[in-house]
file query32.txt (compact mmCIF, C-alpha atoms)
# COMPACT_ATOMS: atom_id res chain seq x y z
CA MET D 21 -35.17 -38.43 -58.74
CA THR D 22 -35.01 -40.08 -62.18
CA GLN D 23 -33.46 -37.00 -63.76
CA GLU D 24 -30.96 -36.79 -60.89
CA PHE D 25 -29.87 -40.37 -61.52
CA VAL D 26 -29.59 -39.66 -65.22
CA GLU D 27 -27.40 -36.60 -64.72
CA SER D 28 -25.21 -38.29 -62.13
CA ALA D 29 -24.70 -41.23 -64.47
CA ARG D 30 -23.74 -39.00 -67.41
CA LEU D 31 -21.28 -37.09 -65.24
CA GLY D 32 -19.92 -40.15 -63.45
CA ASP D 33 -20.61 -38.69 -59.99
CA CYS D 34 -19.09 -41.41 -57.83
CA TYR D 35 -20.14 -39.81 -54.53
CA PHE D 36 -23.80 -39.77 -55.52
CA TRP D 37 -23.51 -43.39 -56.55
CA GLN D 38 -21.67 -44.29 -53.37
CA ALA D 39 -24.54 -42.82 -51.31
CA ALA D 40 -27.04 -44.85 -53.34
CA LEU D 41 -25.04 -48.03 -52.87
CA GLU D 42 -24.71 -47.54 -49.11
CA ASP D 43 -28.32 -46.50 -48.53
CA PRO D 44 -29.58 -48.90 -45.81
CA LYS D 45 -33.13 -48.59 -47.19
CA ARG D 46 -32.09 -49.80 -50.61
CA ASN D 47 -33.97 -52.92 -51.72
CA GLU D 48 -34.04 -55.09 -54.80
CA ASN D 49 -36.95 -53.22 -56.42
CA GLN D 50 -35.06 -49.95 -56.05
CA ARG D 51 -31.91 -51.56 -57.48
CA ARG D 52 -33.84 -52.75 -60.56
CA ALA D 53 -35.49 -49.36 -61.00
CA ILE D 54 -32.11 -47.58 -60.92
CA GLY D 55 -30.66 -50.06 -63.39
CA LEU D 56 -33.59 -49.65 -65.76
CA THR D 57 -33.30 -45.87 -65.63
CA LEU D 58 -29.62 -45.98 -66.49
CA ARG D 59 -30.07 -48.34 -69.39
CA GLN D 60 -32.51 -45.84 -70.88
CA VAL D 61 -30.09 -42.90 -70.61
CA PRO D 62 -29.64 -41.46 -74.12
CA VAL D 63 -25.98 -41.25 -75.03
CA GLU D 64 -24.74 -39.42 -78.11
CA ALA D 65 -23.08 -41.55 -80.77
CA GLY D 66 -19.38 -41.93 -80.15
CA ARG D 67 -19.50 -40.97 -76.48
CA GLU D 68 -17.99 -44.27 -75.37
CA GLU D 69 -16.51 -42.71 -72.24
CA GLU D 70 -19.95 -41.77 -70.95
CA LYS D 71 -21.21 -45.24 -71.77
CA ALA D 72 -18.30 -46.68 -69.76
CA LEU D 73 -19.21 -44.53 -66.75
CA ILE D 74 -22.78 -45.81 -66.92
CA ARG D 75 -21.57 -49.42 -67.15
CA ILE D 76 -19.39 -48.87 -64.08
CA GLY D 77 -22.41 -47.60 -62.15
CA LEU D 78 -24.53 -50.57 -63.19
CA SER D 79 -21.77 -53.03 -62.29
CA MET D 80 -21.42 -51.48 -58.83
CA LEU D 81 -25.18 -51.62 -58.27
CA ASN D 82 -25.07 -55.32 -59.11
CA GLU D 83 -21.96 -55.72 -56.94
CA GLU D 84 -19.99 -56.91 -59.94
CA TRP D 85 -16.85 -55.33 -58.57
CA LEU D 86 -14.28 -56.90 -60.87
CA GLU D 87 -16.18 -55.79 -63.97
CA ALA D 88 -16.53 -52.27 -62.52
CA GLN D 89 -12.81 -52.24 -61.68
CA LYS D 90 -11.90 -53.27 -65.23
CA GLU D 91 -14.03 -50.52 -66.79
CA ALA D 92 -12.70 -47.86 -64.43
CA LYS D 93 -9.08 -48.90 -64.96
CA THR D 94 -9.56 -48.66 -68.73
CA LEU D 95 -10.66 -45.02 -68.43
CA VAL D 96 -7.88 -44.17 -65.99
CA ASP D 97 -5.14 -45.62 -68.23
CA ALA D 98 -6.55 -44.33 -71.54
CA GLU D 99 -4.12 -42.58 -73.91
CA PRO D 100 -4.54 -39.77 -74.55
CA PRO D 101 -6.04 -39.15 -71.11
CA SER D 102 -9.82 -39.12 -71.06
CA ARG D 103 -11.57 -35.95 -70.00
CA TYR D 104 -13.34 -38.21 -67.51
CA GLN D 105 -10.08 -39.59 -66.08
CA VAL D 106 -10.44 -37.88 -62.69
CA ARG D 107 -14.00 -39.13 -62.21
CA ALA D 108 -13.06 -42.64 -63.30
CA TRP D 109 -10.17 -42.59 -60.83
CA GLN D 110 -12.59 -41.61 -58.07
CA TRP D 111 -14.76 -44.57 -59.09
CA LEU D 112 -11.71 -46.84 -58.87
CA VAL D 113 -10.96 -45.67 -55.32
CA ALA D 114 -14.59 -46.33 -54.32
CA ILE D 115 -14.48 -49.80 -55.91
CA TYR D 116 -11.33 -50.82 -54.01
CA ARG D 117 -12.87 -49.57 -50.79
CA SER D 118 -16.02 -51.61 -51.48
CA LEU D 119 -13.75 -54.64 -51.98
CA GLU D 120 -12.21 -53.88 -48.55
CA LEU D 121 -8.79 -53.25 -50.10
CA PRO D 122 -7.76 -50.02 -48.34
CA GLU D 123 -4.10 -50.20 -49.42
CA GLU D 124 -5.06 -50.38 -53.11
CA ALA D 125 -7.67 -47.63 -52.63
CA LEU D 126 -5.11 -45.35 -50.99
CA ARG D 127 -2.53 -46.10 -53.67
CA GLU D 128 -4.97 -45.08 -56.42
CA LEU D 129 -6.09 -41.99 -54.52
CA ASN D 130 -2.49 -40.82 -54.02
CA ALA D 131 -1.81 -41.43 -57.72
CA LEU D 132 -4.89 -39.39 -58.63
CA LEU D 133 -3.85 -36.45 -56.45
CA LYS D 134 -0.30 -36.57 -57.80
CA ALA D 135 -1.48 -36.54 -61.42
CA HIS D 136 -4.29 -34.02 -60.80
CA PRO D 137 -3.50 -31.89 -57.73
CA GLU D 138 -6.21 -29.46 -58.84
CA ALA D 139 -8.80 -32.17 -58.13
CA LEU D 140 -8.21 -32.00 -54.36
CA ASN D 141 -11.40 -31.09 -52.50
CA LYS D 142 -12.98 -31.77 -49.12
CA ASP D 143 -14.41 -35.15 -50.15
CA LEU D 144 -11.11 -36.48 -51.48
CA LEU D 145 -9.25 -35.16 -48.46
CA ILE D 146 -11.63 -36.93 -46.07
CA GLU D 147 -11.36 -40.09 -48.18
CA GLN D 148 -7.56 -39.97 -47.90
CA VAL D 149 -7.66 -39.41 -44.14
CA LEU D 150 -10.14 -42.25 -43.54
CA LEU D 151 -8.09 -44.67 -45.63
CA LEU D 152 -4.93 -43.79 -43.71
CA ARG D 153 -6.78 -44.34 -40.44
CA ASP D 154 -8.09 -47.70 -41.66
CA LEU D 155 -4.47 -48.66 -42.28
CA ASN D 156 -3.49 -47.55 -38.76
CA ARG D 157 -1.43 -44.67 -40.15
CA ARG D 158 -3.04 -42.05 -37.95
CA GLU D 159 -0.01 -39.76 -37.68
CA GLU D 160 0.03 -39.41 -41.47
CA ALA D 161 -3.74 -38.85 -41.51
CA LEU D 162 -3.39 -36.03 -39.00
CA GLN D 163 -0.59 -34.42 -41.02
CA VAL D 164 -2.73 -34.59 -44.17
CA LEU D 165 -5.51 -32.69 -42.40
CA LEU D 166 -3.17 -30.09 -40.94
CA SER D 167 -1.53 -29.45 -44.32
CA HIS D 168 -4.79 -28.12 -45.79
CA PRO D 169 -6.11 -25.50 -43.35
CA GLU D 170 -7.90 -23.69 -46.19
CA ILE D 171 -10.60 -26.39 -46.38
CA LEU D 172 -10.66 -27.40 -42.71
CA ASP D 173 -14.39 -26.96 -41.98
CA LEU D 174 -16.23 -28.16 -38.84
CA GLU D 175 -16.66 -31.73 -40.14
CA MET D 176 -12.95 -32.02 -40.88
CA GLN D 177 -12.05 -30.47 -37.52
CA GLN D 178 -14.16 -33.16 -35.84
CA LEU D 179 -12.16 -35.74 -37.77
CA GLN D 180 -8.96 -34.06 -36.58
CA LEU D 181 -10.27 -34.19 -33.01
CA SER D 182 -10.95 -37.94 -33.35
CA LEU D 183 -7.41 -38.53 -34.62
CA LEU D 184 -5.91 -36.59 -31.71
CA TRP D 185 -7.97 -38.75 -29.34
CA GLU D 186 -6.97 -42.01 -31.01
CA LEU D 187 -3.30 -40.97 -30.93
CA GLU D 188 -3.69 -40.11 -27.20
CA LEU D 189 -2.37 -36.59 -27.84
CA TRP D 190 -4.36 -35.28 -24.89
CA GLU D 191 -2.94 -31.76 -24.74
CA GLY D 192 -3.59 -31.25 -28.44
CA PHE D 193 -7.08 -32.74 -28.08
CA LEU D 194 -7.96 -30.37 -25.24
CA GLU D 195 -6.67 -27.32 -27.11
CA LYS D 196 -8.62 -28.27 -30.26
CA ALA D 197 -11.78 -29.04 -28.26
CA LEU D 198 -11.78 -25.55 -26.73
CA GLN D 199 -11.41 -24.04 -30.22
CA MET D 200 -14.35 -26.06 -31.55
CA LEU D 201 -16.87 -25.59 -28.71
CA PRO D 202 -18.00 -22.09 -29.82
CA GLN D 203 -18.65 -23.43 -33.34
CA MET D 204 -21.05 -26.13 -32.14
CA LYS D 205 -24.71 -25.10 -32.20
CA ASP D 206 -26.31 -28.30 -30.90
CA PRO D 207 -26.25 -28.45 -27.04
CA LYS D 208 -25.97 -32.23 -27.21
CA ASP D 209 -22.79 -32.00 -29.33
CA GLN D 210 -21.35 -29.49 -26.88
CA ALA D 211 -22.21 -31.72 -23.92
CA GLU D 212 -20.60 -34.75 -25.53
CA LEU D 213 -17.41 -32.80 -26.20
CA HIS D 214 -17.33 -31.59 -22.57
CA PHE D 215 -17.61 -35.23 -21.51
CA ARG D 216 -14.64 -36.18 -23.67
CA ARG D 217 -12.70 -33.22 -22.29
CA GLY D 218 -13.29 -34.63 -18.82
CA GLN D 219 -11.90 -37.99 -19.94
CA ALA D 220 -8.85 -36.30 -21.46
CA TYR D 221 -8.15 -34.33 -18.27
CA GLU D 222 -8.32 -37.59 -16.34
CA GLN D 223 -5.74 -39.07 -18.72
CA ILE D 224 -3.30 -36.26 -17.87
CA LYS D 225 -4.05 -36.65 -14.13
CA ASP D 226 -5.80 -33.30 -13.69
CA PRO D 227 -9.00 -34.11 -11.75
CA LEU D 228 -9.66 -30.49 -10.78
CA LYS D 229 -10.16 -29.65 -14.48
CA ALA D 230 -11.88 -32.93 -15.29
CA LEU D 231 -14.65 -32.30 -12.76
CA PRO D 232 -16.03 -29.05 -14.27
CA ALA D 233 -15.83 -30.59 -17.75
CA TYR D 234 -17.96 -33.55 -16.64
CA GLU D 235 -20.34 -31.19 -14.83
CA ARG D 236 -20.77 -29.13 -18.02
CA SER D 237 -21.54 -32.28 -19.97
CA LEU D 238 -24.65 -32.79 -17.84
CA GLN D 239 -26.05 -29.29 -18.38
CA ASN D 240 -28.92 -28.49 -20.76
CA VAL D 241 -29.14 -32.07 -22.07
CA LEU D 242 -31.91 -34.42 -20.99
CA ASN D 243 -30.68 -37.98 -20.35
CA PRO D 244 -27.58 -37.93 -22.58
CA THR D 245 -26.25 -41.33 -23.50
CA TRP D 246 -23.03 -40.58 -21.64
CA GLY D 247 -24.85 -39.16 -18.58
CA ILE D 248 -24.43 -42.23 -16.38
CA GLU D 249 -20.71 -42.48 -17.22
CA ALA D 250 -20.27 -38.76 -16.50
CA LYS D 251 -21.98 -39.06 -13.11
CA LEU D 252 -19.90 -42.11 -12.23
CA ALA D 253 -16.73 -40.21 -13.20
CA ILE D 254 -17.77 -37.22 -11.06
CA LEU D 255 -18.32 -39.48 -8.04
CA ARG D 256 -15.06 -41.33 -8.64
CA LEU D 257 -13.13 -38.06 -8.72
CA TYR D 258 -14.87 -36.61 -5.65
CA TYR D 259 -14.20 -39.88 -3.81
CA GLY D 260 -10.53 -39.87 -4.76
CA LEU D 261 -10.18 -36.22 -3.68
CA LYS D 262 -12.03 -36.93 -0.40
CA ASP D 263 -14.29 -34.03 -1.32
CA VAL D 264 -17.20 -33.39 1.07
CA ARG D 265 -19.55 -33.14 -1.94
CA PHE D 266 -19.06 -36.84 -2.64
CA THR D 267 -21.66 -38.16 -0.19
CA GLU D 268 -24.37 -35.66 -1.14
CA ARG D 269 -23.90 -36.22 -4.89
CA SER D 270 -23.81 -40.01 -4.42
CA GLU D 271 -27.14 -40.10 -2.62
CA ILE D 272 -28.76 -37.77 -5.18
CA TYR D 273 -27.47 -39.80 -8.14
CA LEU D 274 -28.48 -43.12 -6.58
CA LYS D 275 -31.99 -41.75 -6.11
CA ASP D 276 -32.40 -40.18 -9.57
CA THR D 277 -30.32 -42.34 -11.93
CA ARG D 278 -30.67 -45.92 -13.13
CA PHE D 279 -27.10 -47.16 -12.86
CA LYS D 280 -26.07 -50.62 -13.94
CA PRO D 281 -25.99 -53.03 -10.95
CA GLU D 282 -22.18 -53.14 -10.89
CA GLN D 283 -22.00 -49.32 -11.02
CA GLU D 284 -24.51 -48.93 -8.21
CA GLU D 285 -22.59 -51.52 -6.23
CA GLN D 286 -19.39 -49.51 -6.66
CA ILE D 287 -21.03 -46.28 -5.50
CA ARG D 288 -22.56 -47.96 -2.46
CA ASN D 289 -19.19 -49.50 -1.59
CA TRP D 290 -17.64 -46.02 -1.73
CA LEU D 291 -20.42 -44.68 0.52
CA VAL D 292 -19.96 -47.53 2.99
CA GLU D 293 -16.23 -46.82 3.20
CA ARG D 294 -16.86 -43.09 3.52
CA TYR D 295 -19.44 -43.40 6.31
CA GLU D 296 -17.46 -45.99 8.25
CA TYR D 297 -14.36 -43.79 7.99
CA VAL D 298 -16.18 -40.85 9.56
CA GLY D 299 -18.01 -43.09 12.05
CA GLU D 300 -21.60 -42.70 10.84
CA PRO D 301 -23.12 -46.21 11.24
CA THR D 302 -26.69 -44.93 10.92
CA ARG D 303 -25.86 -43.80 7.37
CA THR D 304 -23.72 -46.85 6.64
CA ILE D 305 -26.43 -49.40 7.42
CA PRO D 306 -28.90 -48.53 4.60
CA HIS D 307 -26.13 -48.64 2.01
CA ARG D 308 -24.92 -52.04 3.19
CA GLN D 309 -28.53 -53.21 3.05
CA GLY D 310 -28.77 -51.80 -0.48
CA LEU D 311 -25.70 -53.79 -1.51
CA ILE D 312 -27.22 -56.96 -0.12
CA ARG D 313 -30.45 -56.40 -2.07
CA LEU D 314 -28.49 -55.88 -5.30
CA TRP D 315 -26.49 -59.05 -4.76
CA GLU D 316 -29.52 -61.12 -3.79
CA ASP D 317 -31.27 -59.95 -6.99
CA ARG D 318 -28.30 -61.23 -8.99
CA LEU D 319 -28.63 -64.63 -7.33
CA ARG D 320 -32.39 -64.81 -7.88
CA ASN D 321 -32.01 -63.90 -11.55
CA ASN D 322 -29.12 -66.36 -12.11
CA LEU D 323 -26.80 -63.59 -13.33
CA GLU D 324 -23.59 -65.14 -12.03
CA PRO D 325 -21.60 -66.91 -14.79
CA ASP D 326 -20.91 -70.12 -12.88
CA GLN D 327 -21.21 -71.88 -9.53
CA ALA D 328 -17.89 -70.51 -8.25
CA ALA D 329 -19.02 -66.91 -8.87
CA ARG D 330 -22.38 -67.68 -7.29
CA GLU D 331 -20.70 -68.97 -4.12
CA GLN D 332 -18.42 -65.92 -3.96
CA ARG D 333 -21.49 -63.69 -4.18
CA MET D 334 -23.19 -65.64 -1.37
CA LEU D 335 -20.07 -65.29 0.76
CA ARG D 336 -20.00 -61.51 0.22
CA ILE D 337 -23.65 -61.31 1.27
CA GLY D 338 -22.89 -63.29 4.41
CA LYS D 339 -19.96 -61.03 5.28
CA GLU D 340 -22.10 -57.94 4.74
CA HIS D 341 -24.60 -59.35 7.26
CA LEU D 342 -21.68 -59.75 9.67
CA ASN D 343 -20.81 -56.09 9.17
CA LEU D 344 -24.43 -55.11 9.73
CA GLY D 345 -24.47 -57.19 12.88
CA ARG D 346 -21.41 -55.35 14.19
CA LEU D 347 -23.23 -52.07 13.47
CA GLY D 348 -26.25 -53.24 15.45
CA ALA D 349 -28.70 -53.91 12.62
CA SER D 350 -31.61 -56.11 13.66
CA GLY D 351 -31.61 -59.71 12.42
CA ALA D 352 -28.19 -59.44 10.77
CA TRP D 353 -26.44 -62.13 12.84
CA GLU D 354 -29.18 -64.66 12.09
CA GLN D 355 -28.90 -63.94 8.38
CA ALA D 356 -25.10 -64.33 8.50
CA GLU D 357 -25.40 -67.74 10.18
CA SER D 358 -27.98 -68.83 7.60
CA TRP D 359 -25.64 -67.97 4.69
CA SER D 360 -22.84 -69.83 6.51
CA ALA D 361 -24.97 -72.98 6.66
CA GLN D 362 -25.64 -72.83 2.90
CA LEU D 363 -21.99 -72.26 2.02
CA ARG D 364 -20.71 -75.16 4.12
CA ARG D 365 -22.22 -77.47 1.50
CA SER D 366 -19.78 -76.14 -1.10
CA GLU D 367 -17.25 -78.50 -2.64
CA ASN D 368 -14.63 -75.74 -2.59
CA PRO D 369 -12.40 -75.99 0.54
CA LEU D 370 -11.72 -72.24 0.50
CA ILE D 371 -15.44 -71.46 0.57
CA GLN D 372 -15.97 -74.04 3.34
CA ARG D 373 -13.25 -72.38 5.41
CA GLU D 374 -14.73 -68.90 4.98
CA ALA D 375 -18.21 -70.23 5.76
CA LEU D 376 -17.03 -71.73 9.06
CA LEU D 377 -15.34 -68.48 10.08
CA LEU D 378 -18.56 -66.67 9.21
CA GLY D 379 -20.77 -69.09 11.12
CA GLY D 380 -18.53 -69.21 14.17
CA GLU D 381 -18.62 -65.44 14.67
CA ALA D 382 -22.36 -65.17 14.00
CA ALA D 383 -23.22 -67.97 16.45
CA ALA D 384 -21.01 -66.43 19.15
CA ALA D 385 -22.73 -63.04 18.70
CA LEU D 386 -26.08 -64.81 19.13
CA LYS D 387 -24.72 -66.46 22.30
CA ALA D 388 -25.21 -69.84 20.66
CA HIS D 389 -21.86 -70.92 22.08
CA GLU D 390 -22.14 -74.62 21.33
CA ARG D 391 -22.77 -73.89 17.63
CA SER D 392 -19.88 -71.44 17.64
CA VAL D 393 -17.48 -73.98 19.17
CA ALA D 394 -18.63 -76.66 16.73
CA ALA D 395 -17.95 -74.37 13.73
CA TYR D 396 -14.48 -73.40 14.98
CA LEU D 397 -13.57 -77.01 15.88
CA GLN D 398 -14.50 -78.12 12.36
CA LEU D 399 -12.49 -75.21 10.97
CA THR D 400 -9.32 -75.91 12.94
CA TYR D 401 -9.52 -79.68 12.45
CA PHE D 402 -10.30 -79.94 8.75
CA HIS D 403 -8.76 -76.66 7.47
CA ALA D 404 -5.82 -76.11 9.79
CA GLU D 405 -3.23 -76.00 7.00
CA GLY D 406 -5.06 -73.23 5.15
CA LEU D 407 -5.42 -70.87 8.12
CA ASN D 408 -3.10 -67.95 8.74
CA GLU D 409 -2.15 -66.81 12.25
CA ASN D 410 -4.88 -64.16 12.45
CA GLN D 411 -7.56 -66.68 11.53
CA LYS D 412 -6.22 -69.25 14.03
CA PHE D 413 -6.13 -66.61 16.76
CA THR D 414 -9.70 -65.49 15.97
CA ALA D 415 -10.98 -69.07 16.07
CA TRP D 416 -9.12 -70.10 19.22
CA GLN D 417 -9.85 -66.92 21.13
CA GLN D 418 -13.57 -67.16 20.38
CA MET D 419 -13.57 -70.84 21.31
CA GLY D 420 -12.00 -69.93 24.64
CA LEU D 421 -14.64 -67.27 25.32
CA SER D 422 -17.44 -69.71 24.34
CA TYR D 423 -16.00 -72.39 26.63
CA GLU D 424 -15.97 -69.83 29.45
CA ALA D 425 -19.61 -68.94 28.75
CA LEU D 426 -20.49 -72.64 28.83
CA GLY D 427 -18.62 -73.10 32.14
CA ARG D 428 -15.97 -75.38 30.56
CA ILE D 429 -13.02 -73.62 32.19
CA ASN D 430 -10.44 -76.38 31.66
CA ASP D 431 -11.23 -76.43 27.90
CA ALA D 432 -10.86 -72.65 27.83
CA LYS D 433 -7.46 -72.85 29.55
CA ALA D 434 -6.30 -75.49 27.07
CA ILE D 435 -7.24 -73.28 24.13
CA TYR D 436 -5.48 -70.21 25.59
CA SER D 437 -2.36 -72.33 26.21
CA LYS D 438 -2.53 -73.45 22.58
CA ILE D 439 -2.39 -69.81 21.49
CA SER D 440 0.66 -69.18 23.69
CA ASN D 441 2.50 -72.26 22.45
CA GLU D 442 1.70 -72.29 18.74
CA LEU D 443 1.36 -68.66 17.62
CA SER D 444 4.33 -66.33 17.22
CA ASP D 445 2.74 -62.88 17.39
CA PRO D 446 3.64 -61.20 20.76
CA GLN D 447 0.26 -59.43 21.01
CA MET D 448 -1.59 -62.73 20.54
CA LYS D 449 0.59 -64.41 23.17
CA LEU D 450 -0.04 -61.52 25.57
CA ALA D 451 -3.82 -61.77 25.08
CA ALA D 452 -3.68 -65.52 25.81
CA ALA D 453 -1.52 -64.96 28.92
CA ASN D 454 -3.98 -62.37 30.27
CA ALA D 455 -6.89 -64.76 29.70
CA LEU D 456 -5.06 -67.54 31.53
CA GLN D 457 -4.29 -65.18 34.43
CA ARG D 458 -7.95 -64.18 34.58
CA LEU D 459 -8.94 -67.84 34.87
CA GLU D 460 -6.46 -68.67 37.65
CA GLY D 461 -8.22 -70.16 40.63
CA LYS D 462 -11.34 -71.13 38.66
call {"tool": "encode", "arguments": {"input": "query32.txt", "output": "structure tokens"}}
result
Amino acid sequence: MTQEFVESARLGDCYFWQAALEDPKRNENQRRAIGLTLRQVPVEAGREEEKALIRIGLSMLNEEWLEAQKEAKTLVDAEPPSRYQVRAWQWLVAIYRSLELPEEALRELNALLKAHPEALNKDLLIEQVLLLRDLNRREEALQVLLSHPEILDLEMQQLQLSLLWELELWEGFLEKALQMLPQMKDPKDQAELHFRRGQAYEQIKDPLKALPAYERSLQNVLNPTWGIEAKLAILRLYYGLKDVRFTERSEIYLKDTRFKPEQEEQIRNWLVERYEYVGEPTRTIPHRQGLIRLWEDRLRNNLEPDQAAREQRMLRIGKEHLNLGRLGASGAWEQAESWSAQLRRSENPLIQREALLLGGEAAAALKAHERSVAAYLQLTYFHAEGLNENQKFTAWQQMGLSYEALGRINDAKAIYSKISNELSDPQMKLAAANALQRLEGK
């Protein structure tokens, strides 16, 4: 290693030095050892240019950037030109980049390539492209790559692919990705590129091509970092296409994959909608119960950002228990009424209103008619201005039915008359008129 440092210092190899400077394992002892080695490099008498290159290296190791810049600039501007001018110029570009001055670094690099076009190689080309990208000049960066096909190896093609992605040139990205796949030997690299192909096909609204790309990304790779996102994308596409494979894949993925809570929640919501649409309550119930468990875990672990979010989560749990009650799940109505009681203590009027609607329906389903009437009376008295016609109709109609169950026929008639007089919807008026007709003579 010592001899390697010596030779690199004598030749002014800026890329070797750059790697040494950026080595994450570098420590102060290593820095001092490198410096000591360089100071002991024998330099022939009169070889001031080589001495300058060594001083630049030492200054960079010590992060004395201005001193390094001064030395490098002296070699670059020397008249007649130094035989180390190209290497010194490369140092200067690296120094400006270390100072986080990409515009100055690019200016010097362009000047170098203009003065010495023969110096162009893969490293300088990549340097130029990266600097252009740092300056948000991605179109120019892409043109620079495309103008030198003779040195466009796999690494540079991957850079080209990244630029196409960043520029959202999806068609070009997909064409280039197909060209590159046969060159990739690592199955993980192939899988990752298939995943990105799936994303690109989604961008151009072609789900039928996105699906096989995502599927390929999951083959031959154990637990890829993008695996969860790929599975979620597959389910999203199947769901959007109303594909029969959606439900089977969803249940398999939920069983075998550790999704984030919000991702699992989304999948279960899709399953709930799917099963309810096709009328399969026996398959809907466990997924609603799964949602409730997820949400209750969030509450227990205090994962909601504030009290408002916590109350919204509690309300969603209560409403899910209502849905389970309608599907015939045991104990669901009792749970819904319990959540209603907790939410009525909220200081938010909107939450109070929703809690009373929740509690009124749950109590009625449990045939606790007095509790149901009390909830709806409180709702229509204290929150009347915030109720829409559907909510008023629901409350008044259920109050009427509860009054009937309690034998309070005159109260029931008064409520049905209220619907007829105060609501405008013809169907609601007709329902109230039929109820009044049914009660005639009682």
call {"tool": "residues_around", "arguments": {"input": "query32.txt", "residues": "D:His341", "least_positions_apart": "3", "cutoff": "12 Å", "atoms": "all atoms listed in the file", "output": "number ranges by chain"}}
result
D: 305-306, 308-313, 334-338, 344-360, 378-379, 381-382
call {"tool": "residues_around", "arguments": {"input": "query32.txt", "residues": "D:Trp85", "least_positions_apart": "6", "cutoff": "12 Å", "atoms": "only C-alpha atoms", "output": "number ranges by chain"}}
result
D: 75-79, 91-93, 111-121
call {"tool": "atom_distance", "arguments": {"input": "query32.txt", "atom1": "atom CA of D:Pro122", "atom2": "atom CA of D:Leu86"}}
result
15.7 Å
call {"tool": "closest_residue", "arguments": {"input": "query32.txt", "among": "D:Gln180, D:Asn343, D:Phe215, D:Ala388", "to": "D:Arg153", "atoms": "only C-alpha atoms"}}
result
D:Gln180
call {"tool": "atom_distance", "arguments": {"input": "query32.txt", "atom1": "atom CA of D:Leu261", "atom2": "atom CA of D:Leu201"}}
result
28.0 Å
call {"tool": "residues_around", "arguments": {"input": "query32.txt", "residues": "D:Arg391", "least_positions_apart": "2", "cutoff": "12 Å", "atoms": "all atoms listed in the file", "output": "short mmCIF file (atom, residue, chain, number, x, y, z; two decimals) with C-alpha atoms, in the coordinates of the input"}}
result
data_model
loop_
_atom_site.label_atom_id
_atom_site.label_comp_id
_atom_site.auth_asym_id
_atom_site.auth_seq_id
_atom_site.Cartn_x
_atom_site.Cartn_y
_atom_site.Cartn_z
CA GLU D 357 -25.40 -67.74 10.18
CA SER D 360 -22.84 -69.83 6.51
CA ALA D 361 -24.97 -72.98 6.66
CA LEU D 376 -17.03 -71.73 9.06
CA LEU D 377 -15.34 -68.48 10.08
CA LEU D 378 -18.56 -66.67 9.21
CA GLY D 379 -20.77 -69.09 11.12
CA GLY D 380 -18.53 -69.21 14.17
CA GLU D 381 -18.62 -65.44 14.67
CA ALA D 382 -22.36 -65.17 14.00
CA ALA D 383 -23.22 -67.97 16.45
CA ALA D 384 -21.01 -66.43 19.15
CA ALA D 385 -22.73 -63.04 18.70
CA LEU D 386 -26.08 -64.81 19.13
CA LYS D 387 -24.72 -66.46 22.30
CA ALA D 388 -25.21 -69.84 20.66
CA HIS D 389 -21.86 -70.92 22.08
CA VAL D 393 -17.48 -73.98 19.17
CA ALA D 394 -18.63 -76.66 16.73
CA ALA D 395 -17.95 -74.37 13.73
CA TYR D 396 -14.48 -73.40 14.98
CA LEU D 397 -13.57 -77.01 15.88
CA GLN D 398 -14.50 -78.12 12.36
CA GLN D 418 -13.57 -67.16 20.38
CA MET D 419 -13.57 -70.84 21.31
CA SER D 422 -17.44 -69.71 24.34
CA TYR D 423 -16.00 -72.39 26.63
CA LEU D 426 -20.49 -72.64 28.83
#
call {"tool": "residues_around", "arguments": {"input": "query32.txt", "residues": "D:Gln199", "least_positions_apart": "2", "cutoff": "12 Å", "atoms": "only C-alpha atoms", "output": "number ranges by chain"}}
result
D: 174, 177-178, 181, 192-197, 201-204, 210, 213
call {"tool": "atom_distance", "arguments": {"input": "query32.txt", "atom1": "atom CA of D:Gln148", "atom2": "atom CA of D:Ala161"}}
result
7.5 Å
call {"tool": "closest_residue", "arguments": {"input": "query32.txt", "among": "D:Arg318, D:Lys262, D:Arg157, D:Arg365", "to": "D:Glu282", "atoms": "all atoms listed in the file"}}
result
D:Arg318
call {"tool": "closest_residue", "arguments": {"input": "query32.txt", "among": "D:Glu374, D:Glu293, D:Glu271, D:Asp173", "to": "D:Lys339", "atoms": "only C-alpha atoms"}}
result
D:Glu374
